[in-house]
Structure formats: C-alpha cells, structure tokens
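Containing compact mmCIF, C-alpha atoms: data_17.txt.
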# COMPACT_ATOMS: atom_id res chain seq x y z
CA MET A 1 129.13 134.74 127.27
CA ARG A 2 130.86 133.46 124.23
CA PHE A 3 130.16 130.29 122.27
CA GLY A 4 133.34 128.89 120.96
CA GLY A 5 134.87 125.68 119.82
CA VAL A 6 136.27 122.96 121.96
CA GLY A 7 138.50 124.43 124.53
CA GLY A 8 139.06 127.43 122.38
CA GLY A 9 140.13 129.75 125.10
CA GLY A 10 140.57 132.77 122.92
CA SER A 11 138.57 135.24 124.95
CA LYS A 12 140.16 137.48 127.48
CA GLY A 13 138.17 135.94 130.28
CA GLY A 14 139.56 132.56 129.30
CA GLU A 15 136.05 131.01 129.53
CA SER A 16 134.21 129.47 126.60
CA ILE A 17 131.30 127.07 126.23
CA ASN A 18 131.59 123.83 124.34
CA VAL A 19 128.49 123.75 122.11
CA THR A 20 128.99 120.21 120.81
CA PRO A 21 126.89 118.49 123.53
CA LEU A 22 124.19 121.13 123.07
CA ILE A 23 123.99 120.40 119.36
CA ASP A 24 123.96 116.66 120.05
CA VAL A 25 121.10 116.95 122.51
CA VAL A 26 119.12 119.17 120.14
CA MET A 27 119.67 116.66 117.32
CA VAL A 28 118.46 113.80 119.50
CA LEU A 29 115.37 115.79 120.50
CA ILE A 30 114.60 116.61 116.86
CA ILE A 31 114.90 112.95 115.89
CA PHE A 32 112.72 111.95 118.85
CA TYR A 33 109.93 114.33 117.89
CA LEU A 34 110.17 113.34 114.22
CA ILE A 35 109.68 109.69 115.19
CA VAL A 36 106.81 110.43 117.57
CA GLY A 37 105.11 112.59 114.95
CA LYS A 38 105.53 109.94 112.30
CA LEU A 39 104.14 107.21 114.52
CA ALA A 40 101.16 109.37 115.45
CA GLN A 41 100.32 109.85 111.78
CA ASP A 42 100.77 106.23 110.88
CA GLN A 43 97.61 104.38 109.93
CA ARG A 44 99.07 101.15 111.15
CA SER A 45 98.21 100.33 114.71
CA GLN A 46 100.62 98.33 116.74
CA LEU A 47 99.41 94.75 116.77
CA GLU A 48 100.76 91.28 116.33
CA LEU A 49 100.34 90.26 112.72
CA PRO A 50 100.16 86.65 111.57
CA ARG A 51 103.35 85.33 110.02
CA SER A 52 103.85 84.43 106.39
CA GLU A 53 106.64 83.28 104.11
CA GLN A 54 105.11 83.97 100.73
CA GLY A 55 103.92 87.54 101.03
CA TYR A 56 105.22 90.46 99.04
CA GLU A 57 106.57 93.72 100.34
CA ALA A 58 105.17 96.21 97.85
CA ARG A 59 103.05 98.97 99.27
CA GLU A 60 101.96 101.25 96.51
CA GLY A 61 98.79 102.92 95.41
CA ASP A 62 95.85 104.15 97.41
CA VAL A 63 95.39 101.92 100.41
CA LEU A 64 92.66 101.88 103.03
CA VAL A 65 94.05 100.22 106.12
CA VAL A 66 91.55 98.46 108.35
CA ASN A 67 92.94 97.39 111.71
CA VAL A 68 91.24 94.69 113.73
CA LEU A 69 92.62 94.90 117.23
CA ARG A 70 92.27 92.51 120.07
CA VAL A 71 90.74 93.89 123.23
CA GLU A 72 92.08 92.21 126.31
CA GLY A 73 89.43 90.96 128.65
CA GLU A 74 86.58 88.54 128.74
CA GLY A 75 85.73 86.85 125.48
CA ALA A 76 88.72 88.24 123.56
CA LYS A 77 86.70 90.98 121.89
CA SER A 78 87.95 93.00 118.98
CA VAL A 79 87.67 96.55 117.80
CA ILE A 80 87.83 97.88 114.25
CA GLU A 81 89.98 100.94 113.63
CA VAL A 82 90.60 103.04 110.56
CA ASP A 83 93.01 105.95 110.87
CA GLY A 84 92.94 105.51 114.61
CA LEU A 85 89.15 105.82 114.82
CA ALA A 86 87.11 102.95 116.20
CA MET A 87 83.99 102.16 114.23
CA ASP A 88 81.34 99.52 113.74
CA LEU A 89 80.82 97.37 110.68
CA ALA A 90 78.14 99.57 109.13
CA VAL A 91 80.35 102.64 109.23
CA LEU A 92 83.31 100.66 107.95
CA SER A 93 81.32 99.34 105.02
CA GLU A 94 80.09 102.80 104.14
CA MET A 95 83.61 104.22 104.39
CA ILE A 96 84.97 101.57 102.04
CA ARG A 97 82.08 102.12 99.62
CA VAL A 98 82.77 105.86 99.48
CA ARG A 99 86.51 105.31 99.00
CA LEU A 100 85.92 102.81 96.21
CA ALA A 101 83.46 105.19 94.55
CA ASP A 102 86.12 107.93 94.61
CA ASP A 103 88.94 105.66 93.52
CA PRO A 104 87.98 102.19 92.27
CA VAL A 105 91.56 100.93 92.49
CA THR A 106 91.75 101.52 96.22
CA VAL A 107 93.20 98.50 97.97
CA VAL A 108 91.62 97.43 101.23
CA GLU A 109 94.32 96.22 103.57
CA VAL A 110 93.19 94.16 106.52
CA ARG A 111 95.54 94.12 109.50
CA ALA A 112 94.16 91.78 112.10
CA ASP A 113 95.74 90.54 115.28
CA ARG A 114 96.97 86.98 114.90
CA THR A 115 95.58 85.95 118.26
CA LEU A 116 92.01 86.65 117.19
CA ALA A 117 89.63 83.91 116.19
CA TYR A 118 88.55 83.94 112.56
CA GLY A 119 85.01 84.62 113.74
CA ARG A 120 86.20 88.09 114.74
CA VAL A 121 87.74 88.83 111.36
CA ARG A 122 85.09 87.33 109.09
CA PRO A 123 82.56 90.15 109.65
CA VAL A 124 85.20 92.66 108.59
CA LEU A 125 85.75 90.77 105.35
CA GLY A 126 81.98 90.65 104.92
CA ALA A 127 81.81 94.42 105.31
CA CYS A 128 84.51 94.78 102.65
CA LYS A 129 82.58 92.56 100.28
CA LYS A 130 79.31 94.33 101.02
CA ALA A 131 81.00 97.62 100.16
CA GLY A 132 82.03 96.26 96.77
CA ALA A 133 85.65 95.28 97.32
CA ALA A 134 86.65 92.50 94.93
CA SER A 135 89.69 91.54 96.90
CA ILE A 136 91.60 92.39 100.01
CA ARG A 137 95.19 92.43 101.09
CA LEU A 138 96.07 90.61 104.29
CA ALA A 139 98.92 92.18 106.22
CA THR A 140 101.39 89.74 107.69
CA GLU A 141 104.69 89.71 109.44
CA GLY A 142 107.25 88.56 106.94
CA MET A 143 109.50 85.63 107.69
CA PRO A 144 112.29 85.92 105.13
CA MET B 1 149.31 121.68 128.04
CA SER B 2 148.82 125.26 129.09
CA GLY B 3 147.18 128.30 127.64
CA ARG B 4 148.85 131.56 126.95
CA ASN B 5 148.29 132.78 130.48
CA GLY B 6 149.59 129.60 131.95
CA MET B 7 146.00 128.36 132.46
CA ARG B 8 145.19 124.85 131.45
CA THR B 9 142.61 124.48 128.71
CA ALA B 10 139.81 121.91 128.78
CA MET B 11 141.46 120.00 125.97
CA GLY B 12 144.70 120.02 127.84
CA VAL B 13 143.06 118.58 130.92
CA TYR B 14 141.48 115.77 128.92
CA GLU B 15 144.65 114.93 127.10
CA ALA B 16 146.75 115.08 130.22
CA HIS B 17 144.51 113.04 132.52
CA ARG B 18 141.96 111.10 130.53
CA GLY B 19 143.31 110.48 127.11
CA PRO B 20 141.38 111.32 123.96
CA MET B 21 137.87 112.75 124.33
CA MET B 22 135.32 110.01 124.02
CA THR B 23 132.23 112.21 124.31
CA PRO B 24 131.85 113.15 120.61
CA MET B 25 132.36 109.53 119.57
CA VAL B 26 129.76 108.31 122.05
CA ASP B 27 127.35 111.00 120.85
CA VAL B 28 127.80 110.00 117.23
CA VAL B 29 127.39 106.32 118.06
CA MET B 30 124.18 107.09 119.96
CA VAL B 31 122.76 109.06 117.03
CA ILE B 32 123.63 106.25 114.61
CA LEU B 33 122.04 103.73 116.98
CA ILE B 34 118.83 105.77 117.20
CA PHE B 35 118.80 106.16 113.40
CA PHE B 36 118.97 102.42 112.83
CA MET B 37 116.37 101.73 115.52
CA ALA B 38 114.03 104.21 113.86
CA SER B 39 114.69 102.69 110.44
CA THR B 40 113.76 99.29 111.82
CA VAL B 41 110.47 100.68 113.11
CA PHE B 42 109.53 102.24 109.77
CA LEU B 43 110.80 99.51 107.50
CA GLY B 44 109.58 96.57 109.52
CA PRO B 45 109.09 93.41 107.52
CA GLU B 46 105.38 93.76 106.76
CA TRP B 47 104.31 91.51 103.95
CA PHE B 48 101.00 91.10 102.18
CA LEU B 49 98.91 88.28 100.85
CA ASP B 50 96.18 88.94 98.30
CA ALA B 51 92.86 87.19 98.69
CA LEU B 52 89.66 87.41 96.70
CA LEU B 53 86.27 87.85 98.25
CA PRO B 54 84.26 84.97 96.76
CA ALA B 55 81.02 86.52 95.54
CA GLN B 56 82.86 89.21 93.64
CA ARG B 57 84.99 86.97 91.48
CA GLY B 58 84.39 87.41 87.80
CA PRO B 59 85.68 85.39 84.86
CA SER B 60 89.43 85.09 84.71
CA VAL B 61 91.49 86.95 82.15
CA ALA B 62 91.97 83.72 80.20
CA GLU B 63 88.21 83.15 80.05
CA VAL B 64 87.60 86.66 78.76
CA ASP B 65 90.34 86.56 76.14
CA ASP B 66 89.70 83.05 74.93
CA PRO B 67 86.10 81.80 74.63
CA PHE B 68 87.41 78.24 74.34
CA ALA B 69 89.43 78.46 77.53
CA LEU B 70 88.57 75.89 80.16
CA PRO B 71 86.58 77.29 83.06
CA THR B 72 88.47 78.09 86.19
CA VAL B 73 88.66 75.22 88.63
CA GLU B 74 87.02 76.08 91.91
CA LEU B 75 87.75 74.13 95.04
CA ARG B 76 86.26 74.71 98.43
CA VAL B 77 88.09 73.91 101.63
CA VAL B 78 86.82 74.34 105.14
CA LEU B 79 89.14 74.73 108.09
CA GLY B 80 88.13 73.46 111.49
CA VAL B 81 89.66 72.80 114.87
CA SER B 82 89.93 69.25 116.15
CA GLU B 83 89.29 68.25 119.73
CA ASP B 84 93.00 68.32 120.45
CA GLY B 85 93.30 71.84 119.08
CA ARG B 86 94.83 71.12 115.68
CA VAL B 87 93.64 73.00 112.62
CA LEU B 88 92.46 70.60 109.94
CA ALA B 89 91.30 71.10 106.38
CA THR B 90 88.44 69.33 104.68
CA GLY B 91 87.64 69.53 100.98
CA ALA B 92 88.81 68.55 97.52
CA GLY B 93 88.55 64.89 98.42
CA MET B 94 90.44 65.21 101.69
CA THR B 95 88.99 64.97 105.15
CA SER B 96 90.57 66.45 108.26
CA ALA B 97 94.03 66.85 106.77
CA ASN B 98 96.67 69.10 108.21
CA VAL B 99 97.85 72.07 106.21
CA ARG B 100 101.01 70.51 104.77
CA THR B 101 99.24 67.29 103.77
CA PHE B 102 96.49 69.27 102.12
CA GLY B 103 99.07 71.27 100.20
CA GLU B 104 100.70 68.09 98.95
CA HIS B 105 97.26 66.84 97.92
CA LEU B 106 96.69 70.00 95.88
CA ILE B 107 100.01 69.43 94.14
CA GLU B 108 98.97 65.85 93.36
CA LEU B 109 95.77 67.24 91.86
CA GLY B 110 97.92 69.36 89.56
CA LEU B 111 96.90 72.64 91.14
CA GLY B 112 100.40 73.46 92.28
CA GLY B 113 102.52 76.13 90.71
CA THR B 114 105.01 76.02 87.92
CA ASP B 115 107.10 72.91 87.82
CA GLU B 116 110.33 74.36 86.55
CA GLY B 117 111.75 71.02 85.53
CA ALA B 118 108.79 69.99 83.41
CA GLY B 119 107.80 73.47 82.26
CA HIS B 120 104.33 72.81 83.65
CA GLU B 121 102.12 75.70 84.68
CA ALA B 122 99.30 75.39 87.16
CA PRO B 123 95.82 75.53 85.67
CA ALA B 124 93.66 78.48 86.57
CA ALA B 125 92.23 77.50 89.90
CA VAL B 126 90.52 79.29 92.72
CA LEU B 127 90.64 77.89 96.18
CA LEU B 128 87.74 79.05 98.32
CA ILE B 129 88.82 78.97 101.93
CA ASP B 130 86.28 79.09 104.69
CA ALA B 131 86.86 78.50 108.34
CA ALA B 132 84.89 77.87 111.48
CA SER B 133 84.58 80.81 113.81
CA ASN B 134 86.86 79.28 116.42
CA VAL B 135 89.76 78.74 114.03
CA PRO B 136 92.63 81.11 114.85
CA TYR B 137 93.02 83.85 112.28
CA GLU B 138 96.72 83.05 112.16
CA ALA B 139 95.88 79.52 110.99
CA VAL B 140 93.73 80.88 108.17
CA VAL B 141 96.54 83.14 107.04
CA ALA B 142 98.99 80.24 107.32
CA PHE B 143 96.74 78.23 105.02
CA VAL B 144 96.58 81.07 102.50
CA ASP B 145 100.36 81.27 102.76
CA GLU B 146 100.69 77.55 102.08
CA CYS B 147 98.43 77.84 99.02
CA LYS B 148 100.61 80.65 97.70
CA ARG B 149 103.70 78.57 98.39
CA ILE B 150 102.55 75.65 96.32
CA GLY B 151 101.40 77.97 93.55
CA VAL B 152 97.62 78.10 93.62
CA ARG B 153 96.93 81.07 91.45
CA GLU B 154 93.97 82.58 93.21
CA VAL B 155 92.84 82.21 96.77
CA ALA B 156 89.47 83.41 97.95
CA ILE B 157 88.58 83.76 101.57
CA GLY B 158 85.14 83.21 103.08
CA SER B 159 83.39 86.24 104.49
CA GLU B 160 79.91 85.01 105.30
Please render this file's structure as structure tokens.
Amino acid sequence: MRFGGVGGGGSKGGESINVTPLIDVVMVLIIFYLIVGKLAQDQRSQLELPRSEQGYEAREGDVLVVNVLRVEGEGAKSVIEVDGLAMDLAVLSEMIRVRLADDPVTVVEVRADRTLAYGRVRPVLGACKKAGAASIRLATEGMP
Amino acid sequence: MSGRNGMRTAMGVYEAHRGPMMTPMVDVVMVILIFFMASTVFLGPEWFLDALLPAQRGPSVAEVDDPFALPTVELRVVLGVSEDGRVLATGAGMTSANVRTFGEHLIELGLGGTDEGAGHEAPAAVLLIDAASNVPYEAVVAFVDECKRIGVREVAIGSE
C-alpha cells in the first residue's frame, strides 16, 4: 500500500490512496476532543444568565465561580456548584473563606440562573458575606 | 485524461465527468465553520456587574483621603412584586415605582452619573438594593444594571 497525493498514480500497480480526507477527518476529531476537553474543564456551568447592558467584559485575576443552578421540578429548587461540585451553603462559605485567606484579592463571581427567584440567590450572597467577601461580581449575558 | 498505461486517473475522472473537485473546499469550509462555532462558545458575551455586600462596606476612598469630605450618601430601595406581577421599587421617597421611573428619580436627586454637558459628577452614593424572596433574580440584576446605566457609583445588594 502506498500513500500518495491526489491521483498520483506513480506506482507500478497504478493504485494510490488519497490521504486528504483522512487528514481532514483526523483534524475534525482533534478539534472535537479539544472542545469537549475544554468544556469539561470549564468552571462555568451551562445556565441562562440574566441580561445586562452595562456590564463589563474583563475577566482577569483569581476568580472563584459560584454557580446557582435551577433544578427542574416542584418548587423550582436550586443547587450550588463550584468547579462542578454541588455543595451546601456551609461548605461554600468555608471554601470562600479559605480562598480569601490564601489570596485576599480573589473575586467571587456569582452565576445564577435568571429564572430563579431572588430568595434562592440571597443565601448564596449571605454565604459570601459571611466568608468575608466585600463584594461580588454578578455574571450576566451581555446585550451589546 | 489518461495515465501512462492508458488508465484513467482519479483526477481525470473528476475533471472529465464532474468538474473541479469540491471535496477539499467543502472540508475546509466545514473546518472553518467548526472553528467559528467553537470560538462563539468560548468567547460568548458574558458580562459582569460589580455589587457590594452591605455590611462589609468601609469608608470610601474620598472619605479616607479627605477628612472634610462629605459622607457617602446611602439610599435603600426594596424591590417587590405587585399583584399583577410587575416588579416595583420602593425607597428614596418613591413608592411602588417601576425601574425606569425610579432611575429617573435618582437622576432628579442628583445621584446620576456624569453629566457631560455640565461637567457634573455624581456624588459618592451607595444604593442598597434589597428584594423580596419572590422577586425574580433577573429583575434584581436588571435594577442593578439600571443603576449602573444612570451612573450610581456603588451598588450594594442585600444578602440577609
């Protein structure tokens, strides 16, 4: 078997394999796995953020992302996630306290589902305050 | 088009019967399409709004630097939901006002942002926003957004 160029029938058998589609498929697979790997590492859970017009886009420094996800079902419950791990308020508060002790300039970013009631988000803000956070950053969906 | 042995090559077949090869172009277009789709996923328009947590607020920079600086104005506003489902704001002399009206009221109070024409800068003011538990989180964020739009310097959000 010989791998040659397009239609390059230079071999005695007159048969050659066009490797261009093979390379294309491999490239697509590489890109696919890169994307999947990146999404798996991402701290940001997929949720519907509230919209804003005045937010800023900067995302620098040490950030602790707290996701507040809506759980479909009775009572529109919510679940708190950090780095993909669900946790309760006590654990969240302790985690923030430890992070702030290590790095006082850590920014706490709250990403809450826009369909939640404020009563579901307020305890998360309370946990941030209890842990010593002076301010938070609310994640929104930009409307340029 | 024929090869040396009189055999037709693949390229010859394409050129003779189907015109130019479209496969590489389609492949490249697909890769470009996937690239831009992936870029959209990673660079989605995620914006941020800063908010203070009330009990932690210390003196402003102006108060620390200048002992004669006027104290920061603090206003409290409470958001609630009316019987017909509208989100209304109460505070700073307003009762059950919608978000836009409340924003205009804050501008009338002189708490709005820089007036470019008059060279006027907003005084240091903190707006403490609290909301009933049944107020949609989106409405709270929209109110914070409105405060930022009109130029309120610092917005604090209730957490208790």
Which residues of chain A are close to chain B, meaning at most 6 Å apart when you count all atoms listed in the file, and how do they look as a ChimeraX atom specification? /A:7,50,52,54-57,114,116-119,122,125-126,134-142
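Here CA of Phe102 in chain B is placed at a distance of 29.7 Å from CA of Arg70 in chain A.
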Quote the spacing between CA of Arg153 in chain B and CA of Arg51 in chain A in Å to one decimal place.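 The value is 20.1 Å.
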Please determine, counting all atoms listed in the file, which residue among A:Val124, A:Val79, A:Met27, A:Ala112 has the shortest atom-to-atom distance to Leu49 in chain A. A:Ala112
Could you tell me how far CA of Ala92 in chain B lies from CA of Lys129 in chain A, in Å and to one decimal?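 Pair CA of Ala92 in chain B / CA of Lys129 in chain A returns 25.0 Å.
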So that all listed atoms of range 19-28 of chain B fit with 8 Å spare on each side, what axis-aligned box centre and edge lengths in Å, to one decimal, would you give as JSON?
{"center_x": 135.3, "center_y": 110.7, "center_z": 122.2, "size_x": 32.0, "size_y": 20.8, "size_z": 25.9}
